[in-house]
file target_19.txt (compact mmCIF, C-alpha atoms)
# COMPACT_ATOMS: atom_id res chain seq x y z
CA MET A 1 144.90 -72.85 -28.21
CA THR A 2 145.43 -69.81 -26.06
CA VAL A 3 142.69 -67.27 -26.30
CA THR A 4 143.00 -63.84 -24.82
CA THR A 5 140.60 -61.03 -25.46
CA ASN A 6 143.40 -58.66 -26.39
CA GLN A 7 144.39 -60.90 -29.20
CA ARG A 8 141.72 -59.75 -31.55
CA PRO A 9 140.37 -60.21 -34.06
CA ARG A 10 142.00 -63.61 -34.63
CA GLY A 11 142.51 -66.34 -32.14
CA GLY A 12 139.19 -65.89 -30.39
CA TYR A 13 135.79 -67.26 -31.24
CA LEU A 14 134.26 -63.81 -31.34
CA ASP A 15 134.54 -62.10 -34.70
CA ARG A 16 135.79 -58.68 -33.69
CA PRO A 17 136.64 -56.44 -36.65
CA GLN A 18 138.72 -53.37 -35.84
CA SER A 19 136.63 -51.12 -38.00
CA SER A 20 133.17 -51.44 -39.40
CA SER A 21 132.59 -52.39 -43.00
CA LEU A 22 130.04 -50.86 -45.34
CA ALA A 23 127.66 -53.71 -44.60
CA ASP A 24 128.02 -52.99 -40.88
CA VAL A 25 127.19 -49.31 -41.19
CA LEU A 26 124.67 -49.34 -44.00
CA ASP A 27 121.58 -50.49 -42.15
CA ILE A 28 122.33 -48.32 -39.19
CA ILE A 29 123.06 -45.01 -40.78
CA LEU A 30 120.30 -45.17 -43.37
CA ASP A 31 117.60 -46.27 -40.94
CA LYS A 32 118.63 -44.89 -37.57
CA GLY A 33 119.52 -41.56 -36.11
CA LEU A 34 118.08 -38.09 -35.79
CA VAL A 35 116.30 -36.67 -38.78
CA ILE A 36 115.42 -33.13 -39.69
CA ASP A 37 112.96 -32.54 -42.46
CA ALA A 38 113.38 -28.90 -43.23
CA TYR A 39 116.42 -27.56 -45.08
CA VAL A 40 117.61 -30.90 -46.36
CA ARG A 41 118.81 -30.66 -49.91
CA VAL A 42 120.06 -34.10 -50.72
CA SER A 43 118.05 -37.14 -51.49
CA LEU A 44 118.92 -40.69 -50.79
CA VAL A 45 115.95 -42.16 -52.52
CA GLY A 46 118.11 -44.31 -54.74
CA ILE A 47 120.00 -45.85 -51.89
CA GLU A 48 116.96 -46.33 -49.71
CA VAL A 49 115.09 -48.17 -52.40
CA LEU A 50 118.09 -50.35 -53.06
CA THR A 51 118.45 -51.42 -49.45
CA ILE A 52 114.75 -52.25 -49.31
CA ASP A 53 115.25 -54.32 -52.43
CA ALA A 54 118.09 -56.17 -50.78
CA ARG A 55 115.76 -57.13 -47.96
CA ILE A 56 113.03 -58.29 -50.29
CA VAL A 57 115.48 -60.48 -52.15
CA ILE A 58 116.22 -62.36 -48.95
CA ALA A 59 112.77 -63.95 -48.85
CA SER A 60 112.52 -65.01 -52.45
CA VAL A 61 112.42 -68.10 -54.58
CA ASP A 62 116.09 -67.53 -55.26
CA THR A 63 116.78 -67.84 -51.58
CA TYR A 64 114.79 -71.05 -51.37
CA LEU A 65 116.70 -72.48 -54.30
CA ARG A 66 119.98 -71.49 -52.75
CA PHE A 67 119.09 -73.28 -49.53
CA ALA A 68 117.89 -76.31 -51.44
CA GLU A 69 121.24 -76.39 -53.17
CA ALA A 70 123.11 -75.99 -49.89
CA THR A 71 121.11 -78.84 -48.43
CA ASN A 72 121.77 -81.04 -51.44
CA ARG A 73 125.47 -80.27 -51.20
CA LEU A 74 125.74 -81.09 -47.55
CA ASP A 75 127.85 -84.15 -47.03
CA LEU A 76 125.93 -85.85 -44.28
CA ALA A 77 128.37 -88.64 -43.72
CA GLN A 78 131.12 -86.13 -43.06
CA THR A 79 129.22 -83.54 -41.07
CA GLY A 80 127.24 -86.04 -39.04
CA GLY A 81 130.33 -88.04 -38.17
CA LYS A 82 132.32 -85.20 -36.71
CA ASP A 83 132.09 -84.25 -33.10
CA LEU A 84 132.15 -80.69 -31.95
CA PRO A 85 135.86 -80.04 -31.36
CA GLU A 86 136.73 -81.28 -34.83
CA MET A 87 134.06 -79.11 -36.36
CA ILE A 88 135.39 -76.07 -34.59
CA GLU A 89 138.80 -76.59 -36.10
CA GLY A 90 137.25 -77.16 -39.49
CA MET A 91 135.43 -73.87 -39.50
CA SER A 92 138.17 -71.60 -38.23
CA GLU A 93 138.81 -68.42 -40.20
CA GLY A 94 135.60 -68.61 -42.04
CA GLY A 95 135.24 -71.37 -44.68
CA ALA A 96 131.49 -71.31 -44.41
CA ARG A 97 131.43 -67.82 -43.00
CA GLY A 98 132.03 -66.17 -46.34
CA LYS A 99 129.03 -67.86 -47.91
CA THR A 100 126.21 -66.39 -45.92
CA SER A 101 127.34 -63.06 -44.66
CA GLY A 102 129.17 -62.52 -47.90
CA ALA A 103 126.05 -63.04 -49.93
CA LEU A 104 124.10 -60.37 -48.14
CA SER A 105 126.86 -57.82 -47.92
CA GLY A 106 127.68 -58.62 -51.52
CA ILE A 107 124.22 -57.54 -52.55
CA LYS A 108 124.49 -54.38 -50.58
CA GLU A 109 127.93 -53.50 -51.78
CA ALA A 110 127.00 -54.08 -55.37
CA LEU A 111 123.96 -51.90 -55.00
CA THR A 112 125.72 -49.13 -53.21
CA SER A 113 128.68 -48.93 -55.48
CA GLY A 114 126.30 -49.21 -58.42
CA SER A 115 124.54 -46.09 -57.36
CA ASP A 116 127.93 -44.41 -56.91
CA ASP A 117 128.75 -45.08 -60.49
CA ASP A 118 125.46 -43.74 -61.72
CA GLU A 119 125.99 -40.59 -59.83
CA GLU A 120 129.60 -40.02 -60.60
CA ASP A 121 128.77 -39.73 -64.26
CA GLU A 122 126.82 -36.67 -63.36
CA ASP A 123 128.73 -33.60 -62.37
CA GLU A 124 125.84 -31.40 -61.42
CA ARG A 125 124.48 -30.43 -58.09
CA PRO A 126 123.03 -32.72 -55.46
CA ALA A 127 119.43 -31.86 -56.15
CA ARG A 128 119.69 -33.06 -59.70
CA LYS A 129 121.79 -36.05 -58.88
CA ARG A 130 119.13 -38.20 -57.47
CA GLN A 131 117.36 -38.54 -60.68
CA PRO A 132 119.69 -40.95 -62.41
CA ALA A 133 120.08 -42.83 -59.17
CA SER A 134 116.39 -43.37 -58.61
CA LYS A 135 115.80 -44.08 -62.26
CA SER A 136 118.38 -46.81 -62.27
CA SER A 137 117.16 -48.22 -59.00
CA SER A 138 113.61 -48.48 -60.18
CA ALA A 139 114.88 -50.13 -63.34
CA ARG A 140 116.66 -52.64 -61.18
CA ARG A 141 113.61 -53.06 -59.07
CA ARG A 142 111.48 -53.73 -62.10
CA GLN A 143 113.90 -56.34 -63.31
CA ARG A 144 113.93 -58.06 -60.02
CA ARG A 145 110.21 -57.89 -59.61
CA SER A 146 109.50 -59.34 -63.00
CA SER A 147 111.91 -62.19 -62.44
CA SER A 148 110.32 -63.05 -59.13
CA GLU A 149 106.86 -62.88 -60.66
CA GLU A 150 107.94 -65.47 -63.16
CA ASP A 151 109.21 -67.55 -60.33
CA SER A 152 106.07 -67.60 -58.29
CA MET B 1 111.53 -43.82 -45.56
CA SER B 2 108.61 -41.49 -46.13
CA ALA B 3 110.68 -38.61 -44.84
CA GLY B 4 113.28 -39.34 -47.50
CA THR B 5 110.72 -39.22 -50.25
CA GLY B 6 109.32 -35.93 -49.08
CA VAL B 7 112.77 -34.46 -49.03
CA ALA B 8 113.43 -35.67 -52.53
CA GLU B 9 110.42 -33.87 -53.90
CA ARG B 10 111.37 -30.71 -52.15
CA ALA B 11 114.85 -30.80 -53.57
CA ASP B 12 113.50 -30.59 -57.09
CA VAL B 13 111.97 -27.23 -56.39
CA GLY B 14 113.94 -24.02 -56.55
CA ASP B 15 117.59 -23.38 -57.14
CA VAL B 16 120.40 -25.03 -55.28
CA PRO B 17 122.79 -22.79 -53.40
CA ASP B 18 126.52 -23.14 -53.91
CA THR B 19 127.36 -23.64 -50.29
CA LEU B 20 126.02 -26.65 -48.48
CA TYR B 21 126.79 -28.12 -45.09
CA TYR B 22 126.59 -31.67 -43.97
CA LEU B 23 125.16 -32.53 -40.56
CA TYR B 24 126.47 -35.44 -38.48
CA GLY B 25 124.79 -35.02 -35.15
CA VAL B 26 124.10 -33.08 -32.00
CA THR B 27 126.45 -32.97 -29.04
CA HIS B 28 127.47 -30.81 -26.11
CA ALA B 29 129.23 -27.53 -26.87
CA GLY B 30 132.97 -27.92 -26.32
CA THR B 31 133.11 -31.58 -27.34
CA LYS B 32 136.63 -32.48 -28.39
CA LEU B 33 136.60 -33.66 -31.98
CA PRO B 34 138.77 -36.52 -33.20
CA ASP B 35 141.37 -36.11 -35.88
CA VAL B 36 139.12 -37.62 -38.54
CA ASP B 37 137.72 -36.30 -41.81
CA GLY B 38 134.07 -36.62 -42.68
CA VAL B 39 131.90 -36.53 -45.78
CA GLY B 40 133.62 -35.09 -48.83
CA ALA B 41 136.97 -35.60 -47.05
CA MET B 42 136.30 -32.37 -45.17
CA ARG B 43 137.04 -31.77 -41.51
CA PRO B 44 133.90 -31.31 -39.37
CA ARG B 45 133.41 -28.63 -36.75
CA LEU B 46 130.99 -27.60 -34.02
CA VAL B 47 128.35 -24.93 -34.44
CA GLU B 48 127.55 -24.08 -30.85
CA SER B 49 124.48 -22.59 -29.29
CA ASP B 50 123.84 -22.29 -25.59
CA GLY B 51 125.53 -25.47 -24.39
CA LEU B 52 124.60 -27.60 -27.39
CA ALA B 53 126.39 -28.00 -30.71
CA LEU B 54 125.66 -29.23 -34.18
CA LEU B 55 128.43 -31.40 -35.49
CA ALA B 56 128.64 -30.17 -39.06
CA GLY B 57 131.04 -29.93 -41.96
CA ASP B 58 131.51 -27.90 -45.10
CA VAL B 59 131.21 -29.96 -48.23
CA PRO B 60 132.69 -29.22 -51.64
CA PRO B 61 130.28 -27.49 -54.06
CA GLY B 62 128.40 -29.95 -56.22
CA ILE B 63 129.22 -32.88 -53.97
CA THR B 64 127.60 -36.24 -54.56
CA VAL B 65 126.79 -37.26 -51.04
CA ALA B 66 125.41 -40.74 -51.61
CA THR B 67 128.64 -42.60 -52.24
CA ARG B 68 130.27 -45.55 -50.57
CA GLU B 69 133.13 -43.37 -49.28
CA ASN B 70 130.74 -40.89 -47.72
CA LEU B 71 128.62 -43.60 -46.09
CA LEU B 72 131.73 -44.95 -44.43
CA ALA B 73 133.02 -41.47 -43.58
CA HIS B 74 129.76 -40.58 -41.84
CA GLY B 75 129.87 -43.75 -39.76
CA HIS B 76 133.56 -43.62 -38.94
CA LEU B 77 133.50 -39.98 -37.88
CA LEU B 78 130.54 -40.40 -35.54
CA ASP B 79 131.98 -43.59 -34.08
CA ALA B 80 135.25 -41.78 -33.44
CA VAL B 81 133.44 -38.96 -31.64
CA ALA B 82 131.44 -41.48 -29.61
CA GLN B 83 134.61 -43.16 -28.33
CA ARG B 84 135.06 -40.31 -25.84
CA SER B 85 131.99 -38.11 -26.00
CA THR B 86 128.25 -38.41 -26.15
CA VAL B 87 126.77 -37.58 -29.52
CA LEU B 88 123.29 -37.98 -30.96
CA PRO B 89 124.00 -39.21 -34.48
CA MET B 90 121.91 -38.04 -37.41
CA ARG B 91 120.81 -40.24 -40.22
CA PHE B 92 123.07 -40.28 -43.24
CA GLY B 93 122.53 -37.60 -45.86
CA MET B 94 121.45 -34.49 -43.96
CA LEU B 95 122.61 -31.62 -46.12
CA VAL B 96 121.60 -28.06 -45.32
CA GLU B 97 122.24 -24.66 -46.78
CA ASP B 98 122.02 -22.39 -43.76
CA LEU B 99 123.88 -23.67 -40.74
CA ASP B 100 122.97 -20.75 -38.49
CA ALA B 101 119.29 -21.11 -39.24
CA VAL B 102 119.36 -24.85 -38.60
CA SER B 103 121.35 -24.32 -35.46
CA ALA B 104 118.86 -21.76 -34.20
CA ASP B 105 115.87 -23.89 -35.12
CA MET B 106 117.07 -27.27 -34.01
CA LEU B 107 119.17 -26.44 -31.02
CA THR B 108 116.87 -23.80 -29.68
CA ALA B 109 113.54 -25.43 -30.40
CA ARG B 110 114.52 -28.92 -29.28
CA ARG B 111 117.05 -27.97 -26.66
CA ASP B 112 115.42 -29.75 -23.72
CA GLU B 113 114.84 -32.87 -25.74
CA TYR B 114 118.44 -33.07 -26.94
CA LEU B 115 119.87 -32.30 -23.52
CA ALA B 116 117.72 -35.04 -22.00
CA GLN B 117 118.86 -37.55 -24.59
CA LEU B 118 122.51 -36.62 -24.19
CA ASP B 119 122.12 -36.98 -20.45
CA GLU B 120 120.48 -40.37 -20.78
CA LEU B 121 123.24 -41.66 -23.06
CA ASP B 122 126.05 -40.14 -21.02
CA GLY B 123 128.91 -42.55 -20.42
CA ALA B 124 127.66 -45.17 -22.84
CA VAL B 125 128.50 -46.34 -26.35
CA GLN B 126 126.72 -48.60 -28.77
CA PHE B 127 127.90 -51.98 -29.98
CA SER B 128 126.33 -54.01 -32.75
CA LEU B 129 126.12 -57.72 -32.16
CA ARG B 130 125.23 -60.10 -34.93
CA ALA B 131 124.70 -63.81 -34.37
CA THR B 132 124.60 -66.04 -37.42
CA TYR B 133 124.00 -69.75 -37.83
CA ASP B 134 126.73 -71.77 -39.42
CA GLU B 135 124.67 -72.99 -42.33
CA ASP B 136 126.26 -76.38 -42.72
CA VAL B 137 126.08 -77.28 -39.06
CA VAL B 138 122.46 -76.23 -38.67
CA LEU B 139 121.43 -77.72 -42.01
CA ALA B 140 122.75 -81.07 -40.79
CA GLU B 141 120.69 -80.60 -37.63
CA ILE B 142 117.58 -79.78 -39.64
CA LEU B 143 118.05 -82.78 -41.90
CA ALA B 144 118.36 -85.04 -38.90
CA GLU B 145 115.20 -83.64 -37.33
CA ASP B 146 112.77 -83.38 -40.25
CA ASP B 147 111.58 -86.33 -42.33
CA GLU B 148 109.99 -84.30 -45.13
CA ILE B 149 113.12 -82.24 -45.61
CA ARG B 150 115.24 -85.36 -45.66
CA GLN B 151 113.00 -86.99 -48.27
CA LEU B 152 112.93 -83.91 -50.48
CA ASN B 153 116.66 -83.64 -50.18
CA GLU B 154 117.15 -87.21 -51.29
CA ALA B 155 114.68 -86.77 -54.15
CA THR B 156 116.27 -83.61 -55.53
CA ARG B 157 119.87 -84.46 -54.86
CA GLY B 158 121.73 -85.40 -57.99
CA ALA B 159 118.81 -84.43 -60.23
CA PRO B 160 119.70 -82.10 -63.09
CA GLU B 161 119.53 -78.45 -62.15
CA GLU B 162 116.41 -77.62 -64.17
CA ALA B 163 114.52 -80.69 -62.97
CA MET B 164 112.22 -80.83 -59.96
CA ARG B 165 112.10 -77.11 -59.55
CA ALA B 166 108.93 -77.16 -57.46
CA GLU B 167 110.47 -79.73 -55.12
CA ARG B 168 113.62 -77.67 -54.79
CA VAL B 169 111.66 -74.54 -53.98
CA ARG B 170 109.63 -76.50 -51.43
CA LEU B 171 112.80 -77.94 -49.91
CA GLY B 172 114.38 -74.52 -49.63
CA GLU B 173 111.23 -73.05 -48.15
CA LEU B 174 111.02 -75.79 -45.53
CA VAL B 175 114.67 -75.30 -44.68
CA VAL B 176 114.23 -71.54 -44.32
CA THR B 177 111.18 -72.20 -42.11
CA ALA B 178 113.17 -74.65 -40.03
CA PHE B 179 115.85 -72.01 -39.45
CA GLY B 180 113.06 -69.69 -38.37
CA ALA B 181 111.75 -72.22 -35.86
CA LYS B 182 115.15 -72.48 -34.20
CA ARG B 183 115.71 -68.76 -34.10
CA PRO B 184 113.68 -67.53 -31.10
CA ALA B 185 115.35 -69.74 -28.50
CA ASP B 186 118.85 -69.14 -29.85
CA ALA B 187 118.26 -65.41 -30.18
CA GLU B 188 117.01 -65.22 -26.63
CA ALA B 189 120.14 -66.94 -25.33
CA VAL B 190 122.32 -64.39 -27.10
CA LEU B 191 120.22 -61.43 -25.99
CA ASP B 192 120.21 -62.68 -22.40
CA ARG B 193 123.98 -62.66 -22.28
CA ALA B 194 124.11 -59.23 -23.88
CA ARG B 195 121.63 -57.92 -21.31
CA SER B 196 123.85 -59.14 -18.49
CA VAL B 197 126.34 -56.41 -19.37
CA ALA B 198 124.51 -53.83 -21.47
CA ARG B 199 122.41 -50.96 -20.17
CA ALA B 200 119.91 -51.58 -22.92
CA VAL B 201 119.52 -54.00 -25.81
CA VAL B 202 117.45 -53.50 -28.95
CA ALA B 203 116.94 -56.33 -31.41
CA ARG B 204 116.82 -55.19 -35.02
CA ALA B 205 114.76 -56.77 -37.74
CA SER B 206 116.68 -59.10 -39.98
CA GLY B 207 115.29 -61.17 -42.80
CA ALA B 208 118.27 -63.37 -43.56
CA PRO B 209 117.45 -67.07 -43.01
CA ALA B 210 120.74 -67.83 -41.32
CA ALA B 211 120.58 -64.79 -39.06
CA VAL B 212 119.98 -65.58 -35.41
CA VAL B 213 119.77 -62.07 -34.10
CA ASP B 214 121.07 -58.62 -34.91
CA ALA B 215 121.07 -56.34 -31.91
CA ALA B 216 122.23 -52.93 -30.78
CA LEU B 217 123.71 -52.83 -27.29
CA LEU B 218 124.05 -49.70 -25.21
CA VAL B 219 127.05 -50.30 -22.95
CA ASP B 220 128.85 -48.23 -20.33
CA ARG B 221 132.29 -47.30 -21.66
CA GLU B 222 133.91 -48.86 -18.58
CA ARG B 223 132.17 -52.14 -19.26
CA ALA B 224 133.21 -52.49 -22.89
CA ASP B 225 135.98 -54.95 -22.03
CA GLU B 226 133.63 -56.95 -19.88
CA LEU B 227 131.16 -57.13 -22.75
CA GLU B 228 133.84 -58.42 -25.05
CA GLU B 229 134.92 -61.05 -22.54
CA GLN B 230 131.36 -62.24 -22.01
CA LEU B 231 130.70 -62.47 -25.71
CA GLU B 232 133.98 -64.25 -26.37
CA ARG B 233 132.92 -66.81 -23.79
CA LEU B 234 129.46 -67.08 -25.32
CA ALA B 235 130.92 -67.44 -28.80
CA ARG B 236 133.00 -70.34 -27.54
CA GLU B 237 129.91 -71.96 -26.02
CA LEU B 238 127.86 -71.52 -29.18
CA ALA B 239 130.50 -72.71 -31.62
CA PRO B 240 130.20 -74.24 -34.11
CA ARG B 241 126.44 -73.72 -34.53
CA ILE B 242 126.42 -69.97 -34.13
CA ARG B 243 129.02 -67.31 -34.85
CA LEU B 244 129.08 -63.95 -33.13
CA ARG B 245 130.32 -60.71 -34.60
CA LEU B 246 130.76 -57.63 -32.46
CA VAL B 247 131.26 -54.20 -34.01
CA GLY B 248 131.91 -51.03 -32.05
CA PRO B 249 132.12 -48.85 -30.15
CA GLN B 250 129.71 -46.88 -32.30
CA ALA B 251 127.64 -43.75 -31.91
CA PRO B 252 124.27 -44.64 -30.30
CA TYR B 253 122.20 -44.72 -33.51
CA ASP B 254 119.69 -47.19 -32.19
CA PHE B 255 119.12 -45.32 -28.96
CA VAL B 256 118.21 -41.85 -30.18
CA ALA B 257 114.58 -40.93 -30.61
CA ASP B 258 113.60 -39.59 -34.02

call {"tool": "encode", "arguments": {"input": "target_19.txt", "output": "structure tokens"}}
result
Amino acid sequence: MTVTTNQRPRGGYLDRPQSSSLADVLDIILDKGLVIDAYVRVSLVGIEVLTIDARIVIASVDTYLRFAEATNRLDLAQTGGKDLPEMIEGMSEGGARGKTSGALSGIKEALTSGSDDDEEDEDERPARKRQPASKSSSARRRQRRSSSEEDS
Amino acid sequence: MSAGTGVAERADVGDVPDTLYYLYGVTHAGTKLPDVDGVGAMRPRLVESDGLALLAGDVPPGITVATRENLLAHGHLLDAVAQRSTVLPMRFGMLVEDLDAVSADMLTARRDEYLAQLDELDGAVQFSLRATYDEDVVLAEILAEDDEIRQLNEATRGAPEEAMRAERVRLGELVVTAFGAKRPADAEAVLDRARSVARAVVARASGAPAAVVDAALLVDRERADELEEQLERLARELAPRIRLRLVGPQAPYDFVAD
């Protein structure tokens, strides 16, 4: 296998996307960067709450159950028997990759596009738009919270 | 987060003007802008004041800012600017009604601060590096190392889905903890390599069990290729346990002070 750094994103071991996905930018541009308080007319409350929710979900009973399932599924005879070079070939182009990173970005994408939909139904001005978004996000939060209370 | 809430409350008060402007960041006056649209599919421009400039754009009346398209547009525009110029990116969602007033207030009042930050970041871009465990490989490792996990796995394996819920939760919790125990050493190895090329490295918080480390790297533009080569080499060394994903160049979000 010939690997050159110009030959991206495929061919190398480093995952090197040409442009950033929503999951790549979401954490950064909602949490980082200069802020001004005065004059701002738009609210992102809906989106902010949703990304916090996504983080809470990570450390939940659901996560534990998912890892229990993954452990149960693991075929020890197969995985344990392989040596490293074989494993590398086996995992090329993501088989397992989709599972983890996909799960997290899946949550985020669902949440973000969900809040899009809520807001696109409204045709009014930004200041009034947040209301449906934050309403729906707190509804979602309630749902999630109650289900995790049952769990624990 | 608290800033966002305060803003929300304010927005409920008073009437909303028809014309709004979206703010992307602060840069030097005269910065050459890329051929890229921003939020609301509108072309951004510079509002200059005494050597500094707000990177701002008109937005259509009644725009819904918080959409997937606009999130991506904000990020892509600032990253495109950062390819060649130094820009202090603003957080997503800064919408203002009076550009001249904001320009006067921000650029005048905080001029020294912004100039110092631009100077400090001169010549550098940000990259985001994410290292993730390959779940199956590391799970096999964990099973081999931990008796309790192995026993719980054998006990719950093949049992009907609803059965042994407490044991399953315990198994998952132990596995997640075991990932956490491996993380510091692996994260440090990745950060060490990043530090060998980067001007500065900031590790971000990440709660995902299979995450090793998520870091922002401030890198000299001339060393971007070197960074990629180093990380390609590291990715080869760490395979198949750990995968590396490198995104950038980006605007230096993680290296601007609030």

call {"tool": "closest_residue", "arguments": {"input": "target_19.txt", "among": "B:Ala198, B:Met42, B:Ala80, B:Leu52", "to": "chain A", "atoms": "only C-alpha atoms"}}
result
B:Ala80

call {"tool": "closest_residue", "arguments": {"input": "target_19.txt", "among": "B:Arg84, B:Leu129, B:Leu72, B:Tyr114", "to": "Leu30 of chain A", "atoms": "only C-alpha atoms"}}
result
B:Leu72

call {"tool": "interface_residues", "arguments": {"input": "target_19.txt", "of": "chain B", "to": "chain A", "cutoff": "6 Å", "atoms": "only C-alpha atoms", "output": "ChimeraX atom specification"}}
result
/B:8,11,62,64,67,89-92,94-96,153,157,168-169,171-173,208,232,235-236,240,244-246,253-254,258

call {"tool": "atom_distance", "arguments": {"input": "target_19.txt", "atom1": "atom CA of Tyr21 of chain B", "atom2": "atom CA of Val256 of chain B"}}
result
22.0 Å

call {"tool": "closest_residue", "arguments": {"input": "target_19.txt", "among": "B:Val47, B:Leu121, B:Leu88, B:Ala131", "to": "Asp100 of chain B", "atoms": "all atoms listed in the file"}}
result
B:Val47

call {"tool": "atom_distance", "arguments": {"input": "target_19.txt", "atom1": "atom CA of Leu143 of chain B", "atom2": "atom CA of Leu174 of chain B"}}
result
10.6 Å

call {"tool": "closest_residue", "arguments": {"input": "target_19.txt", "among": "B:Leu115, B:Val65, B:Gly75, B:Val197", "to": "Ala29 of chain B", "atoms": "all atoms listed in the file"}}
result
B:Leu115

call {"tool": "atom_distance", "arguments": {"input": "target_19.txt", "atom1": "atom CA of Ala56 of chain B", "atom2": "atom CA of Tyr22 of chain B"}}
result
5.5 Å

call {"tool": "closest_residue", "arguments": {"input": "target_19.txt", "among": "B:Thr31, B:Thr19, B:Phe255, B:Gly25", "to": "Ile63 of chain B", "atoms": "only C-alpha atoms"}}
result
B:Thr19
